Amino acid sequence: MEFVENRILELGPGVFIRNAVDNATWADLGEGVVVVDALEDPNLAPVIQNCIRAAVGKPMKWLINTHWHADHTACNPIWARQGVTVITHESVGPPTLPGDGRPDITFHDRYTLRPGERAVEVEYLGGTHTPWDSVVYFTWAKVLHVADLFGWGMIPLARWDEQKVPRLREVLGRVLAYDADVLIPGHGPVLTRNHIRRWLQYFEELLAQVPAMARARKSLAEVAAALPPPEDMRDWWRFVDWKHGYNLKMLWEAYR
Ligand SMILES: [Zn+2]
């Protein structure tokens with residue numbers, strides 16, 4: 001699907017995103033609206049609320065944070081002050097001052113929010129991108145929010161850590177097990193499970209080749225020349241621009 005910044009999309013019945021570099025997601029749960037993630041800029045809090053009012057016309061009641069990165073929590077304090085219940089994984093920490101946007105509800109493995117007919121399931125899949133990562137499944141719509149576990153090609157680790165590789169395979173395997181037609185990433189266009197499958201193949205190819213080349217004292221330029229962006233991934237969002245190169249550099253620096 002073509003990426004048009006700041007476009008509102010309905011991905012399934014009552015499940016909306018404002019598709020952008022930083023995606024905002026919300027869903028109609030009958031008596032109110034659940035929002036997933038709280039963007040990078042607190043000035044966008046009223047903008048998102050206006051979008052929700054126009055799309056659903058019900059109050060925002062719950063906010064689920066997929067992880068505690070600043071670009072996913074910036075509007076937390078504003079929305080918490082308005083009485084929105086903040087839900088996130090327990091590893092983020094217990095509530096601190098009231099109204100500062102810290103979690104009201106935390107969970108261990110899974111949490112189900114079901115105020116009416118529609119259920120939202122949150123599953124903890126942490127330990128790769130951050131210690132806190134969770135995915136959010138809109139059960140009735142077969143839409144899954146995977147946040148930054150998928151980065152349109154980018155290895156979703158802040159820095160390279162070989163010990164996290166088995167967990168990354170496990171986490172993405174769990175993502176693939178969801179009966180989901182549409183997946184929402186933290187940033188950029190929406191995707192399908194096929195993108196996750198393709199990325200795992202690509203990742204294994206990089207792992208099979210880049211460390212060996214780095215150990216053999218190939219330069220980064222030689223590595224990049226030997227491993228151009230795969231043809232079928234060239235239209236992935238920002239992949240050719242920088243994400244593929246970023247991956248090569250991350251691996252090359254770790255093994256040279
Ligand atoms: Zn993140």
# chains A, B, ... in the order shown; residues from 1 in each chain; ligands from 1
>>> select_by_dssp(residues="range 40-228 of chain A", states="strand (DSSP E or B)", output="PyMOL selection string")
chain A and resi 60-64+85-89+105-107+110-113+120-124+134-138+143-147+151+154+182-185+191
>>> residues_near_ligand(ligand="ligand 1", cutoff="9 Å", atoms="only C-alpha atoms and all ligand atoms", output="PDB file with C-alpha atoms, in the first residue's frame")
ATOM      1  CA  THR A  66       4.000  -1.156  23.509  1.00  0.00           C
ATOM      2  CA  HIS A  67       7.307  -0.103  25.078  1.00  0.00           C
ATOM      3  CA  TRP A  68       8.705   2.773  27.035  1.00  0.00           C
ATOM      4  CA  HIS A  69      10.662   4.644  24.365  1.00  0.00           C
ATOM      5  CA  ALA A  70      10.173   8.412  24.343  1.00  0.00           C
ATOM      6  CA  ASP A  71       8.777   8.363  20.804  1.00  0.00           C
ATOM      7  CA  HIS A  72       5.962   6.060  22.020  1.00  0.00           C
ATOM      8  CA  HIS A 129      14.151  -4.062  20.761  1.00  0.00           C
ATOM      9  CA  THR A 130      13.676  -3.186  24.450  1.00  0.00           C
ATOM     10  CA  ASP A 133       8.092  -4.866  24.101  1.00  0.00           C
ATOM     11  CA  ALA A 147       5.413  -1.707  17.257  1.00  0.00           C
ATOM     12  CA  ASP A 148       9.185  -1.603  16.741  1.00  0.00           C
ATOM     13  CA  LEU A 149       9.713  -5.362  16.484  1.00  0.00           C
ATOM     14  CA  PRO A 156      15.360  -3.990  15.688  1.00  0.00           C
ATOM     15  CA  ALA A 158      19.556  -0.530  19.578  1.00  0.00           C
ATOM     16  CA  GLY A 186       5.621   1.727  15.220  1.00  0.00           C
TER      17      GLY A 186
END
>>> residues_around(residues="range 36-52 of chain A", least_positions_apart="6", cutoff="7 Å", atoms="only C-alpha atoms", output="number ranges by chain")
A: 22, 24-26, 63-66, 70-76
>>> residues_around(residues="Ile8 in chain A", least_positions_apart="6", cutoff="7 Å", atoms="only C-alpha atoms", output="CSV table (one decimal) with C-alpha atoms, in the first residue's frame")
chain,number,residue,atom,x,y,z
A,16,PHE,CA,-7.8,3.1,12.9
A,17,ILE,CA,-4.3,4.4,12.4
A,18,ARG,CA,-3.0,7.8,11.6
A,19,ASN,CA,-0.3,6.5,9.4
>>> closest_atom_pairs(of="range 142-225 of chain A", to="range 97-121 of chain A", cutoff="12 Å", atoms="only C-alpha atoms", output="JSON lines")
{"residue": "A:Lys142", "atom": "CA", "partner": "A:Val120", "partner_atom": "CA", "distance": 10.5}
{"residue": "A:Val143", "atom": "CA", "partner": "A:Val120", "partner_atom": "CA", "distance": 10.0}
{"residue": "A:Leu144", "atom": "CA", "partner": "A:Glu121", "partner_atom": "CA", "distance": 9.4}
{"residue": "A:His145", "atom": "CA", "partner": "A:Glu121", "partner_atom": "CA", "distance": 10.3}
{"residue": "A:Tyr178", "atom": "CA", "partner": "A:Glu121", "partner_atom": "CA", "distance": 11.1}
>>> write_last_selection(atoms="N, CA and C atoms", output="PDB file, in the first residue's frame")
ATOM      1  N   LYS A 142      -8.578  -8.964  13.291  1.00  0.00           N
ATOM      2  CA  LYS A 142      -7.357  -9.632  12.819  1.00  0.00           C
ATOM      3  C   LYS A 142      -6.261  -8.628  12.462  1.00  0.00           C
ATOM      4  N   VAL A 143      -6.121  -7.645  13.313  1.00  0.00           N
ATOM      5  CA  VAL A 143      -5.068  -6.634  13.169  1.00  0.00           C
ATOM      6  C   VAL A 143      -4.138  -6.762  14.366  1.00  0.00           C
ATOM      7  N   LEU A 144      -2.841  -6.762  14.105  1.00  0.00           N
ATOM      8  CA  LEU A 144      -1.841  -6.920  15.169  1.00  0.00           C
ATOM      9  C   LEU A 144      -0.878  -5.738  15.148  1.00  0.00           C
ATOM     10  N   HIS A 145      -0.725  -5.100  16.289  1.00  0.00           N
ATOM     11  CA  HIS A 145       0.246  -4.003  16.415  1.00  0.00           C
ATOM     12  C   HIS A 145       1.562  -4.596  16.920  1.00  0.00           C
ATOM     13  N   TYR A 178       0.165 -15.361  15.043  1.00  0.00           N
ATOM     14  CA  TYR A 178      -1.127 -14.668  15.150  1.00  0.00           C
ATOM     15  C   TYR A 178      -1.903 -14.781  13.845  1.00  0.00           C
TER      16      TYR A 178
END
>>> closest_residue(among="A:Leu220, A:Ala27, A:Met213, A:Val175", to="Asn194 in chain A", atoms="only C-alpha atoms")
A:Val175
>>> select_by_dssp(residues="range 153-244 of chain A", states="helix (DSSP H, G or I)", output="VMD selection string")
chain A and resid 162 to 176 193 to 215 220 to 226 231 to 233 239 to 244
>>> write_last_selection(atoms="C-alpha atoms", output="PDB file, in the first residue's frame")
ATOM      1  CA  GLU A 162      24.411 -11.774  19.437  1.00  0.00           C
ATOM      2  CA  GLN A 163      22.795 -13.173  22.581  1.00  0.00           C
ATOM      3  CA  LYS A 164      19.507 -11.538  21.587  1.00  0.00           C
ATOM      4  CA  VAL A 165      19.333 -13.355  18.238  1.00  0.00           C
ATOM      5  CA  PRO A 166      17.556 -16.503  19.525  1.00  0.00           C
ATOM      6  CA  ARG A 167      15.003 -14.333  21.310  1.00  0.00           C
ATOM      7  CA  LEU A 168      14.464 -12.265  18.171  1.00  0.00           C
ATOM      8  CA  ARG A 169      13.723 -15.415  16.165  1.00  0.00           C
ATOM      9  CA  GLU A 170      11.365 -16.598  18.913  1.00  0.00           C
ATOM     10  CA  VAL A 171       9.560 -13.260  19.173  1.00  0.00           C
ATOM     11  CA  LEU A 172       9.011 -12.968  15.416  1.00  0.00           C
ATOM     12  CA  GLY A 173       7.900 -16.606  15.363  1.00  0.00           C
ATOM     13  CA  ARG A 174       5.263 -15.693  17.957  1.00  0.00           C
ATOM     14  CA  VAL A 175       4.197 -12.725  15.819  1.00  0.00           C
ATOM     15  CA  LEU A 176       3.800 -15.057  12.818  1.00  0.00           C
ATOM     16  CA  ARG A 193       3.064 -11.387   7.967  1.00  0.00           C
ATOM     17  CA  ASN A 194       4.848 -12.039   4.662  1.00  0.00           C
ATOM     18  CA  HIS A 195       7.062  -9.043   5.374  1.00  0.00           C
ATOM     19  CA  ILE A 196       8.118 -10.625   8.681  1.00  0.00           C
ATOM     20  CA  ARG A 197       8.869 -13.939   6.933  1.00  0.00           C
ATOM     21  CA  ARG A 198      10.909 -12.174   4.277  1.00  0.00           C
ATOM     22  CA  TRP A 199      12.809 -10.161   6.866  1.00  0.00           C
ATOM     23  CA  LEU A 200      13.740 -13.288   8.814  1.00  0.00           C
ATOM     24  CA  GLN A 201      15.221 -14.816   5.641  1.00  0.00           C
ATOM     25  CA  TYR A 202      17.133 -11.629   4.919  1.00  0.00           C
ATOM     26  CA  PHE A 203      18.396 -11.479   8.500  1.00  0.00           C
ATOM     27  CA  GLU A 204      19.657 -15.071   8.364  1.00  0.00           C
ATOM     28  CA  GLU A 205      21.452 -14.293   5.091  1.00  0.00           C
ATOM     29  CA  LEU A 206      23.171 -11.304   6.681  1.00  0.00           C
ATOM     30  CA  LEU A 207      24.152 -13.408   9.696  1.00  0.00           C
ATOM     31  CA  ALA A 208      25.555 -16.094   7.434  1.00  0.00           C
ATOM     32  CA  GLN A 209      27.680 -13.654   5.462  1.00  0.00           C
ATOM     33  CA  VAL A 210      28.590 -10.381   7.159  1.00  0.00           C
ATOM     34  CA  PRO A 211      30.420 -11.730  10.265  1.00  0.00           C
ATOM     35  CA  ALA A 212      32.537 -14.048   8.097  1.00  0.00           C
ATOM     36  CA  MET A 213      33.438 -11.224   5.717  1.00  0.00           C
ATOM     37  CA  ALA A 214      34.262  -8.892   8.618  1.00  0.00           C
ATOM     38  CA  ARG A 215      36.497 -11.519  10.211  1.00  0.00           C
ATOM     39  CA  LEU A 220      32.575  -2.168   4.869  1.00  0.00           C
ATOM     40  CA  ALA A 221      32.574  -0.985   1.246  1.00  0.00           C
ATOM     41  CA  GLU A 222      33.485  -4.507   0.093  1.00  0.00           C
ATOM     42  CA  VAL A 223      30.724  -5.980   2.239  1.00  0.00           C
ATOM     43  CA  ALA A 224      28.209  -3.478   0.833  1.00  0.00           C
ATOM     44  CA  ALA A 225      29.309  -4.252  -2.733  1.00  0.00           C
ATOM     45  CA  ALA A 226      28.896  -7.996  -2.148  1.00  0.00           C
ATOM     46  CA  GLU A 231      15.631  -6.753  -5.365  1.00  0.00           C
ATOM     47  CA  ASP A 232      12.304  -7.724  -3.780  1.00  0.00           C
ATOM     48  CA  MET A 233      12.919  -5.483  -0.751  1.00  0.00           C
ATOM     49  CA  PHE A 239      15.292   0.412   3.260  1.00  0.00           C
ATOM     50  CA  VAL A 240      17.542   1.297   0.331  1.00  0.00           C
ATOM     51  CA  ASP A 241      18.026   4.856   1.671  1.00  0.00           C
ATOM     52  CA  TRP A 242      19.645   3.766   4.891  1.00  0.00           C
ATOM     53  CA  LYS A 243      18.281   0.742   6.723  1.00  0.00           C
ATOM     54  CA  HIS A 244      20.136  -1.917   4.741  1.00  0.00           C
TER      55      HIS A 244
END
>>> closest_residue(among="A:Ser219, A:Ala54, A:Met60, A:Asn23", to="Val146 in chain A", atoms="only C-alpha atoms")
A:Asn23
>>> atom_distance(atom1="CA of Arg159 in chain A", atom2="CA of Asn6 in chain A")
29.7 Å
>>> atom_distance(atom1="CA of Arg238 in chain A", atom2="CA of Pro189 in chain A")
10.6 Å
>>> closest_residue(among="A:Ala177, A:Pro77, A:Glu90, A:Ala254", to="Ser134 in chain A", atoms="only C-alpha atoms")
A:Glu90
>>> residues_around(residues="Val21 in chain A", least_positions_apart="6", cutoff="8 Å", atoms="only C-alpha atoms", output="mmCIF file with C-alpha atoms, in the first residue's frame")
data_model
loop_
_atom_site.group_PDB
_atom_site.id
_atom_site.type_symbol
_atom_site.label_atom_id
_atom_site.label_comp_id
_atom_site.auth_asym_id
_atom_site.auth_seq_id
_atom_site.Cartn_x
_atom_site.Cartn_y
_atom_site.Cartn_z
ATOM 1 C CA GLU A 5 1.882 10.631 5.622
ATOM 2 C CA HIS A 187 6.811 3.713 12.213
ATOM 3 C CA GLY A 188 5.815 3.834 8.551
#
